[in-house]
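Source file my_file02.pdb; content: PDB, C-alpha atoms.
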ATOM      1  CA  MET Z   2      72.988-121.634-122.562  1.00  0.00           C
ATOM      2  CA  ASN Z   3      72.991-125.284-123.585  1.00  0.00           C
ATOM      3  CA  MET Z   4      75.999-127.271-124.725  1.00  0.00           C
ATOM      4  CA  ILE Z   5      75.208-127.077-128.449  1.00  0.00           C
ATOM      5  CA  SER Z   6      74.885-123.280-128.309  1.00  0.00           C
ATOM      6  CA  LEU Z   7      78.163-123.086-126.442  1.00  0.00           C
ATOM      7  CA  VAL Z   8      79.964-125.225-129.039  1.00  0.00           C
ATOM      8  CA  LEU Z   9      78.451-123.160-131.865  1.00  0.00           C
ATOM      9  CA  ALA Z  10      79.513-119.922-130.170  1.00  0.00           C
ATOM     10  CA  VAL Z  11      83.069-121.131-129.554  1.00  0.00           C
ATOM     11  CA  ALA Z  12      83.411-122.402-133.113  1.00  0.00           C
ATOM     12  CA  ASN Z  13      81.875-119.140-134.397  1.00  0.00           C
ATOM     13  CA  ILE Z  14      79.249-121.094-136.295  1.00  0.00           C
ATOM     14  CA  SER Z  15      76.028-119.194-136.763  1.00  0.00           C
ATOM     15  CA  SER Z  16      73.639-121.946-137.827  1.00  0.00           C
ATOM     16  CA  PRO Z  17      73.260-125.717-137.918  1.00  0.00           C
ATOM     17  CA  GLN Z  18      73.466-125.498-141.729  1.00  0.00           C
ATOM     18  CA  THR Z  19      77.100-124.457-141.321  1.00  0.00           C
ATOM     19  CA  ILE Z  20      77.740-127.649-139.344  1.00  0.00           C
ATOM     20  CA  LEU Z  21      76.221-129.765-142.104  1.00  0.00           C
ATOM     21  CA  SER Z  22      78.415-128.020-144.655  1.00  0.00           C
ATOM     22  CA  LEU Z  23      81.462-129.250-142.722  1.00  0.00           C
ATOM     23  CA  PHE Z  24      80.513-132.783-143.743  1.00  0.00           C
ATOM     24  CA  SER Z  25      79.936-131.945-147.390  1.00  0.00           C
ATOM     25  CA  SER Z  26      83.602-132.699-148.044  1.00  0.00           C
ATOM     26  CA  PRO Z  27      84.501-136.387-147.561  1.00  0.00           C
ATOM     27  CA  THR Z  28      88.079-135.421-146.755  1.00  0.00           C
ATOM     28  CA  LEU Z  29      86.977-133.179-143.908  1.00  0.00           C
ATOM     29  CA  PHE Z  30      84.586-135.864-142.669  1.00  0.00           C
ATOM     30  CA  TRP Z  31      87.381-138.462-142.510  1.00  0.00           C
ATOM     31  CA  LEU Z  32      89.725-136.001-140.795  1.00  0.00           C
ATOM     32  CA  ILE Z  33      87.133-135.217-138.124  1.00  0.00           C
ATOM     33  CA  ALA Z  34      86.211-138.901-137.707  1.00  0.00           C
ATOM     34  CA  GLY Z  35      89.893-139.827-137.385  1.00  0.00           C
ATOM     35  CA  ALA Z  36      90.535-137.136-134.794  1.00  0.00           C
ATOM     36  CA  ILE Z  37      87.462-138.160-132.776  1.00  0.00           C
ATOM     37  CA  LEU Z  38      88.453-141.846-132.819  1.00  0.00           C
ATOM     38  CA  CYS Z  39      92.053-141.099-131.831  1.00  0.00           C
ATOM     39  CA  PHE Z  40      90.837-138.837-129.009  1.00  0.00           C
ATOM     40  CA  ALA Z  41      88.335-141.483-127.895  1.00  0.00           C
ATOM     41  CA  GLU Z  42      91.242-143.831-127.197  1.00  0.00           C
ATOM     42  CA  LEU Z  43      92.388-141.434-124.477  1.00  0.00           C
ATOM     43  CA  LEU Z  44      88.997-141.491-122.768  1.00  0.00           C
ATOM     44  CA  LEU Z  45      88.002-145.118-123.366  1.00  0.00           C
ATOM     45  CA  PRO Z  46      91.045-147.391-123.503  1.00  0.00           C
ATOM     46  CA  THR Z  47      90.238-150.002-126.150  1.00  0.00           C
ATOM     47  CA  ALA Z  48      93.692-151.583-126.511  1.00  0.00           C
ATOM     48  CA  PHE Z  49      94.461-149.217-129.411  1.00  0.00           C
ATOM     49  CA  VAL Z  50      91.495-150.366-131.515  1.00  0.00           C
ATOM     50  CA  ALA Z  51      89.852-146.917-131.590  1.00  0.00           C
ATOM     51  CA  PHE Z  52      93.241-145.307-132.206  1.00  0.00           C
ATOM     52  CA  MET Z  53      93.951-147.633-135.131  1.00  0.00           C
ATOM     53  CA  MET Z  54      90.470-146.981-136.545  1.00  0.00           C
ATOM     54  CA  GLY Z  55      91.263-143.266-136.255  1.00  0.00           C
ATOM     55  CA  LEU Z  56      94.510-143.760-138.125  1.00  0.00           C
ATOM     56  CA  GLY Z  57      92.552-145.668-140.772  1.00  0.00           C
ATOM     57  CA  ALA Z  58      90.172-142.717-141.099  1.00  0.00           C
ATOM     58  CA  LEU Z  59      93.099-140.307-141.435  1.00  0.00           C
ATOM     59  CA  ALA Z  60      94.592-142.514-144.160  1.00  0.00           C
ATOM     60  CA  VAL Z  61      91.243-142.535-145.976  1.00  0.00           C
ATOM     61  CA  ALA Z  62      91.142-138.732-145.682  1.00  0.00           C
ATOM     62  CA  ALA Z  63      94.337-138.632-147.756  1.00  0.00           C
ATOM     63  CA  VAL Z  64      92.960-141.179-150.240  1.00  0.00           C
ATOM     64  CA  SER Z  65      89.645-139.293-150.513  1.00  0.00           C
ATOM     65  CA  LEU Z  66      91.447-136.510-152.340  1.00  0.00           C
ATOM     66  CA  ILE Z  67      92.018-138.930-155.228  1.00  0.00           C
ATOM     67  CA  LEU Z  68      89.107-141.348-154.808  1.00  0.00           C
ATOM     68  CA  PRO Z  69      85.733-139.541-154.489  1.00  0.00           C
ATOM     69  CA  ASN Z  70      83.526-142.672-154.214  1.00  0.00           C
ATOM     70  CA  LEU Z  71      82.198-142.805-150.635  1.00  0.00           C
ATOM     71  CA  ASN Z  72      81.439-146.549-150.766  1.00  0.00           C
ATOM     72  CA  LEU Z  73      85.046-147.339-151.651  1.00  0.00           C
ATOM     73  CA  GLN Z  74      86.238-144.976-148.944  1.00  0.00           C
ATOM     74  CA  VAL Z  75      84.227-146.857-146.329  1.00  0.00           C
ATOM     75  CA  LEU Z  76      85.647-150.183-147.567  1.00  0.00           C
ATOM     76  CA  LEU Z  77      89.159-148.720-147.464  1.00  0.00           C
ATOM     77  CA  TRP Z  78      88.569-147.448-143.939  1.00  0.00           C
ATOM     78  CA  MET Z  79      87.514-150.916-142.784  1.00  0.00           C
ATOM     79  CA  ALA Z  80      90.510-152.501-144.523  1.00  0.00           C
ATOM     80  CA  PHE Z  81      93.005-149.940-143.193  1.00  0.00           C
ATOM     81  CA  SER Z  82      91.568-150.242-139.681  1.00  0.00           C
ATOM     82  CA  ALA Z  83      91.790-154.038-139.719  1.00  0.00           C
ATOM     83  CA  ILE Z  84      95.342-153.967-141.069  1.00  0.00           C
ATOM     84  CA  PHE Z  85      96.443-151.355-138.525  1.00  0.00           C
ATOM     85  CA  VAL Z  86      94.889-153.331-135.649  1.00  0.00           C
ATOM     86  CA  LEU Z  87      96.550-156.574-136.762  1.00  0.00           C
ATOM     87  CA  VAL Z  88      99.942-154.917-137.256  1.00  0.00           C
ATOM     88  CA  SER Z  89      99.723-153.167-133.885  1.00  0.00           C
ATOM     89  CA  ARG Z  90      98.947-156.493-132.183  1.00  0.00           C
ATOM     90  CA  ARG Z  91     102.180-157.923-133.528  1.00  0.00           C
ATOM     91  CA  LEU Z  92     104.215-154.924-132.358  1.00  0.00           C
ATOM     92  CA  ILE Z  93     102.829-154.813-128.803  1.00  0.00           C
ATOM     93  CA  PRO Z  94     104.539-157.357-126.549  1.00  0.00           C
ATOM     94  CA  LYS Z  95     102.309-160.022-125.025  1.00  0.00           C
ATOM     95  CA  ARG Z  96     101.776-160.006-121.283  1.00  0.00           C
ATOM     96  CA  ASN Z  97     102.403-163.139-119.264  1.00  0.00           C
ATOM     97  CA  SER Z  98      99.208-164.215-117.569  1.00  0.00           C
ATOM     98  CA  LYS Z  99     100.891-164.921-114.247  1.00  0.00           C
ATOM     99  CA  VAL Z 100     104.607-165.163-113.750  1.00  0.00           C
ATOM    100  CA  LEU Z 101     105.719-167.693-111.202  1.00  0.00           C
ATOM    101  CA  GLU Z 102     108.033-166.427-108.541  1.00  0.00           C
ATOM    102  CA  ASP Z 103     111.476-168.003-108.453  1.00  0.00           C
ATOM    103  CA  ALA Z 104     111.892-171.267-106.573  1.00  0.00           C
ATOM    104  CA  LYS Z 105     108.677-171.742-104.583  1.00  0.00           C
ATOM    105  CA  GLU Z 106     107.835-174.805-102.581  1.00  0.00           C
ATOM    106  CA  ALA Z 107     105.232-177.367-103.545  1.00  0.00           C
ATOM    107  CA  GLN Z 108     104.423-180.901-102.458  1.00  0.00           C
ATOM    108  CA  THR Z 109     103.826-183.907-104.654  1.00  0.00           C
ATOM    109  CA  LEU Z 110     100.381-185.494-104.505  1.00  0.00           C
ATOM    110  CA  THR Z 111     101.280-188.417-106.735  1.00  0.00           C
ATOM    111  CA  GLU Z 112     104.532-189.960-107.787  1.00  0.00           C
ATOM    112  CA  ILE Z 113     106.273-188.212-110.670  1.00  0.00           C
ATOM    113  CA  PRO Z 114     107.917-191.007-112.668  1.00  0.00           C
ATOM    114  CA  ALA Z 115     111.191-190.428-114.520  1.00  0.00           C
ATOM    115  CA  GLY Z 116     110.322-188.642-117.768  1.00  0.00           C
ATOM    116  CA  GLY Z 117     106.607-188.605-116.854  1.00  0.00           C
ATOM    117  CA  THR Z 118     104.144-186.318-115.139  1.00  0.00           C
ATOM    118  CA  GLY Z 119     102.397-186.359-111.784  1.00  0.00           C
ATOM    119  CA  ARG Z 120     100.460-183.948-109.573  1.00  0.00           C
ATOM    120  CA  VAL Z 121     101.688-181.378-107.037  1.00  0.00           C
ATOM    121  CA  ILE Z 122      99.971-178.968-104.662  1.00  0.00           C
ATOM    122  CA  TYR Z 123     101.242-175.472-105.409  1.00  0.00           C
ATOM    123  CA  GLU Z 124      99.729-172.358-103.798  1.00  0.00           C
ATOM    124  CA  GLY Z 125      96.696-174.386-102.702  1.00  0.00           C
ATOM    125  CA  ASN Z 126      95.919-175.781-106.171  1.00  0.00           C
ATOM    126  CA  SER Z 127      96.645-179.085-107.827  1.00  0.00           C
ATOM    127  CA  TRP Z 128      98.967-178.758-110.840  1.00  0.00           C
ATOM    128  CA  ARG Z 129     100.337-181.208-113.348  1.00  0.00           C
ATOM    129  CA  ALA Z 130     104.101-181.414-112.860  1.00  0.00           C
ATOM    130  CA  ARG Z 131     107.181-183.072-114.226  1.00  0.00           C
ATOM    131  CA  CYS Z 132     110.719-183.247-112.936  1.00  0.00           C
ATOM    132  CA  GLY Z 133     113.314-180.896-114.408  1.00  0.00           C
ATOM    133  CA  ASP Z 134     115.727-183.842-114.589  1.00  0.00           C
ATOM    134  CA  GLU Z 135     114.000-186.453-116.742  1.00  0.00           C
ATOM    135  CA  THR Z 136     116.116-189.256-115.244  1.00  0.00           C
ATOM    136  CA  LEU Z 137     114.754-188.690-111.703  1.00  0.00           C
ATOM    137  CA  ALA Z 138     111.562-190.023-110.191  1.00  0.00           C
ATOM    138  CA  ILE Z 139     109.966-188.187-107.263  1.00  0.00           C
ATOM    139  CA  ALA Z 140     107.860-190.078-104.714  1.00  0.00           C
ATOM    140  CA  ALA Z 141     104.479-188.894-103.469  1.00  0.00           C
ATOM    141  CA  ALA Z 142     104.310-186.538-100.442  1.00  0.00           C
ATOM    142  CA  GLN Z 143     107.781-185.093-101.118  1.00  0.00           C
ATOM    143  CA  LYS Z 144     108.684-181.412-100.926  1.00  0.00           C
ATOM    144  CA  VAL Z 145     109.714-180.021-104.311  1.00  0.00           C
ATOM    145  CA  ILE Z 146     110.758-176.645-105.649  1.00  0.00           C
ATOM    146  CA  VAL Z 147     108.964-175.137-108.649  1.00  0.00           C
ATOM    147  CA  VAL Z 148     111.669-173.937-111.026  1.00  0.00           C
ATOM    148  CA  ASP Z 149     109.649-173.210-114.197  1.00  0.00           C
ATOM    149  CA  ARG Z 150     106.277-173.452-115.859  1.00  0.00           C
ATOM    150  CA  LYS Z 151     105.487-174.702-119.357  1.00  0.00           C
ATOM    151  CA  GLY Z 152     101.863-173.829-120.034  1.00  0.00           C
ATOM    152  CA  THR Z 153      99.885-175.559-117.275  1.00  0.00           C
ATOM    153  CA  THR Z 154     102.675-177.947-116.308  1.00  0.00           C
ATOM    154  CA  LEU Z 155     105.065-177.024-113.507  1.00  0.00           C
ATOM    155  CA  ILE Z 156     108.700-178.051-113.736  1.00  0.00           C
ATOM    156  CA  VAL Z 157     109.882-179.152-110.305  1.00  0.00           C
ATOM    157  CA  MET Z 158     113.027-180.421-108.629  1.00  0.00           C
ATOM    158  CA  PRO Z 159     113.292-182.367-105.346  1.00  0.00           C
ATOM    159  CA  GLU Z 160     114.059-180.000-102.482  1.00  0.00           C
ATOM    160  CA  HIS Z 161     116.903-182.142-101.105  1.00  0.00           C
ATOM    161  CA  LEU Z 162     118.800-181.837-104.415  1.00  0.00           C
ATOM    162  CA  LEU Z 163     118.728-178.013-104.473  1.00  0.00           C
ATOM    163  CA  HIS Z 164     119.843-177.540-100.830  1.00  0.00           C
ATOM    164  CA  LEU Z 165     117.786-174.368-100.365  1.00  0.00           C
ATOM    165  CA  GLU Z 166     117.788-172.840 -96.897  1.00  0.00           C
TER
END

In structure tokens, how does this file's structure come out?
Amino acid sequence: MNMISLVLAVANISSPQTILSLFSSPTLFWLIAGAILCFAELLLPTAFVAFMMGLGALAVAAVSLILPNLNLQVLLWMAFSAIFVLVSRRLIPKRNSKVLEDAKEAQTLTEIPAGGTGRVIYEGNSWRARCGDETLAIAAAQKVIVVDRKGTTLIVMPEHLLHLE
């Protein structure tokens, strides 16, 4: 017994014509499409895109009761899906790419002038850095502590000022 026969037997559907009649109603089509898309999100994580497209299809299923034009339904589905995806992106908090651990050591490669930027070696990579106290200058080859990160610039403080042990 192949898979299609099994599905037909479980659904108590006697012929393929009965399956085609399921899609004769646009409302039923959108309900099935919405359920399939929502379920697909469980199997293939797409960052809620498939789920939002499924919700768009379910919304169009409700609208299809009033609006019988299939072309408009497809346009509404695309619009609802796009709106739902954009709204969901605003509601989901953004992940930090890489959070710096608190107070890690680095070493200056170049001088960091007061209020300016220089270069430090941090975790084996060269980073742009500036001093957390804009009135201080830090000489080259000095140990510093990374206290923050602003984009790709590290905020550092001279180790001797923080008295870390």

Polymer residues at most 8 Å from Pro159 of chain Z, only C-alpha atoms, same-chain spacing of 5 or more positions, as number ranges by chain: Z: 139, 143-146

Just to be explicit: take each residue in the selection above, keep C-alpha atoms, and write the result as a PDB file, keeping the file's coordinate frame.
ATOM      1  CA  ILE Z 139     109.966-188.187-107.263  1.00  0.00           C
ATOM      2  CA  GLN Z 143     107.781-185.093-101.118  1.00  0.00           C
ATOM      3  CA  LYS Z 144     108.684-181.412-100.926  1.00  0.00           C
ATOM      4  CA  VAL Z 145     109.714-180.021-104.311  1.00  0.00           C
ATOM      5  CA  ILE Z 146     110.758-176.645-105.649  1.00  0.00           C
TER       6      ILE Z 146
END

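If you measure from each of Z:His161, Z:Arg91, Z:Arg150, Z:Lys105 to Gly133 of chain Z using only C-alpha atoms, the closest one turns out to be Z:Arg150.
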
Length of the atom CA of Phe40 of chain Z to atom CA of Ser26 of chain Z vector [Å]: 21.3 Å

Top pick for closest residue to Lys151 of chain Z, considering Z:Ala60, Z:Pro114, Z:Trp128, Z:Ala138 and counting only C-alpha atoms: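 Answer, going by the shortest atom-to-atom distance: Z:Trp128.
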
Residue by residue, what does the PyMOL selection byres ((chain Z and resi 54) around 9) grab here? Present the result as an mmCIF file with C-alpha atoms, in the frame of the given file.
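Final output, expr23.cif:
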data_model
loop_
_atom_site.group_PDB
_atom_site.id
_atom_site.type_symbol
_atom_site.label_atom_id
_atom_site.label_comp_id
_atom_site.auth_asym_id
_atom_site.auth_seq_id
_atom_site.Cartn_x
_atom_site.Cartn_y
_atom_site.Cartn_z
ATOM 1 C CA GLY Z 35 89.893 -139.827 -137.385
ATOM 2 C CA LEU Z 38 88.453 -141.846 -132.819
ATOM 3 C CA CYS Z 39 92.053 -141.099 -131.831
ATOM 4 C CA PHE Z 49 94.461 -149.217 -129.411
ATOM 5 C CA VAL Z 50 91.495 -150.366 -131.515
ATOM 6 C CA ALA Z 51 89.852 -146.917 -131.590
ATOM 7 C CA PHE Z 52 93.241 -145.307 -132.206
ATOM 8 C CA MET Z 53 93.951 -147.633 -135.131
ATOM 9 C CA GLY Z 55 91.263 -143.266 -136.255
ATOM 10 C CA LEU Z 56 94.510 -143.760 -138.125
ATOM 11 C CA GLY Z 57 92.552 -145.668 -140.772
ATOM 12 C CA ALA Z 58 90.172 -142.717 -141.099
ATOM 13 C CA LEU Z 59 93.099 -140.307 -141.435
ATOM 14 C CA TRP Z 78 88.569 -147.448 -143.939
ATOM 15 C CA MET Z 79 87.514 -150.916 -142.784
ATOM 16 C CA PHE Z 81 93.005 -149.940 -143.193
ATOM 17 C CA SER Z 82 91.568 -150.242 -139.681
ATOM 18 C CA ALA Z 83 91.790 -154.038 -139.719
ATOM 19 C CA PHE Z 85 96.443 -151.355 -138.525
ATOM 20 C CA VAL Z 86 94.889 -153.331 -135.649
#

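The spacing separating atom CA of Glu106 of chain Z from atom CA of Gly125 of chain Z amounts to 11.1 Å.
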
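Residue nearest Ala48 of chain Z, chosen from Z:Thr136, Z:Ser89, Z:Ser65, Z:Asn70 and counting only C-alpha atoms: Z:Ser89.
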
Atom pair atom CA of Ala80 of chain Z / atom CA of Leu44 of chain Z: separation (Å): 24.4 Å

Return as a PDB file with C-alpha atoms, in the coordinates of the input the set of residues that the PyMOL selection byres ((chain Z and resi 113) around 12) yields on the displayed structure.
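Here's the written file part10.pdb:
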ATOM      1  CA  GLN Z 108     104.423-180.901-102.458  1.00  0.00           C
ATOM      2  CA  THR Z 109     103.826-183.907-104.654  1.00  0.00           C
ATOM      3  CA  LEU Z 110     100.381-185.494-104.505  1.00  0.00           C
ATOM      4  CA  THR Z 111     101.280-188.417-106.735  1.00  0.00           C
ATOM      5  CA  GLU Z 112     104.532-189.960-107.787  1.00  0.00           C
ATOM      6  CA  PRO Z 114     107.917-191.007-112.668  1.00  0.00           C
ATOM      7  CA  ALA Z 115     111.191-190.428-114.520  1.00  0.00           C
ATOM      8  CA  GLY Z 116     110.322-188.642-117.768  1.00  0.00           C
ATOM      9  CA  GLY Z 117     106.607-188.605-116.854  1.00  0.00           C
ATOM     10  CA  THR Z 118     104.144-186.318-115.139  1.00  0.00           C
ATOM     11  CA  GLY Z 119     102.397-186.359-111.784  1.00  0.00           C
ATOM     12  CA  ARG Z 120     100.460-183.948-109.573  1.00  0.00           C
ATOM     13  CA  VAL Z 121     101.688-181.378-107.037  1.00  0.00           C
ATOM     14  CA  TRP Z 128      98.967-178.758-110.840  1.00  0.00           C
ATOM     15  CA  ARG Z 129     100.337-181.208-113.348  1.00  0.00           C
ATOM     16  CA  ALA Z 130     104.101-181.414-112.860  1.00  0.00           C
ATOM     17  CA  ARG Z 131     107.181-183.072-114.226  1.00  0.00           C
ATOM     18  CA  CYS Z 132     110.719-183.247-112.936  1.00  0.00           C
ATOM     19  CA  GLY Z 133     113.314-180.896-114.408  1.00  0.00           C
ATOM     20  CA  ASP Z 134     115.727-183.842-114.589  1.00  0.00           C
ATOM     21  CA  GLU Z 135     114.000-186.453-116.742  1.00  0.00           C
ATOM     22  CA  THR Z 136     116.116-189.256-115.244  1.00  0.00           C
ATOM     23  CA  LEU Z 137     114.754-188.690-111.703  1.00  0.00           C
ATOM     24  CA  ALA Z 138     111.562-190.023-110.191  1.00  0.00           C
ATOM     25  CA  ILE Z 139     109.966-188.187-107.263  1.00  0.00           C
ATOM     26  CA  ALA Z 140     107.860-190.078-104.714  1.00  0.00           C
ATOM     27  CA  ALA Z 141     104.479-188.894-103.469  1.00  0.00           C
ATOM     28  CA  ALA Z 142     104.310-186.538-100.442  1.00  0.00           C
ATOM     29  CA  GLN Z 143     107.781-185.093-101.118  1.00  0.00           C
ATOM     30  CA  VAL Z 145     109.714-180.021-104.311  1.00  0.00           C
ATOM     31  CA  LEU Z 155     105.065-177.024-113.507  1.00  0.00           C
ATOM     32  CA  ILE Z 156     108.700-178.051-113.736  1.00  0.00           C
ATOM     33  CA  VAL Z 157     109.882-179.152-110.305  1.00  0.00           C
ATOM     34  CA  MET Z 158     113.027-180.421-108.629  1.00  0.00           C
ATOM     35  CA  PRO Z 159     113.292-182.367-105.346  1.00  0.00           C
TER      36      PRO Z 159
END
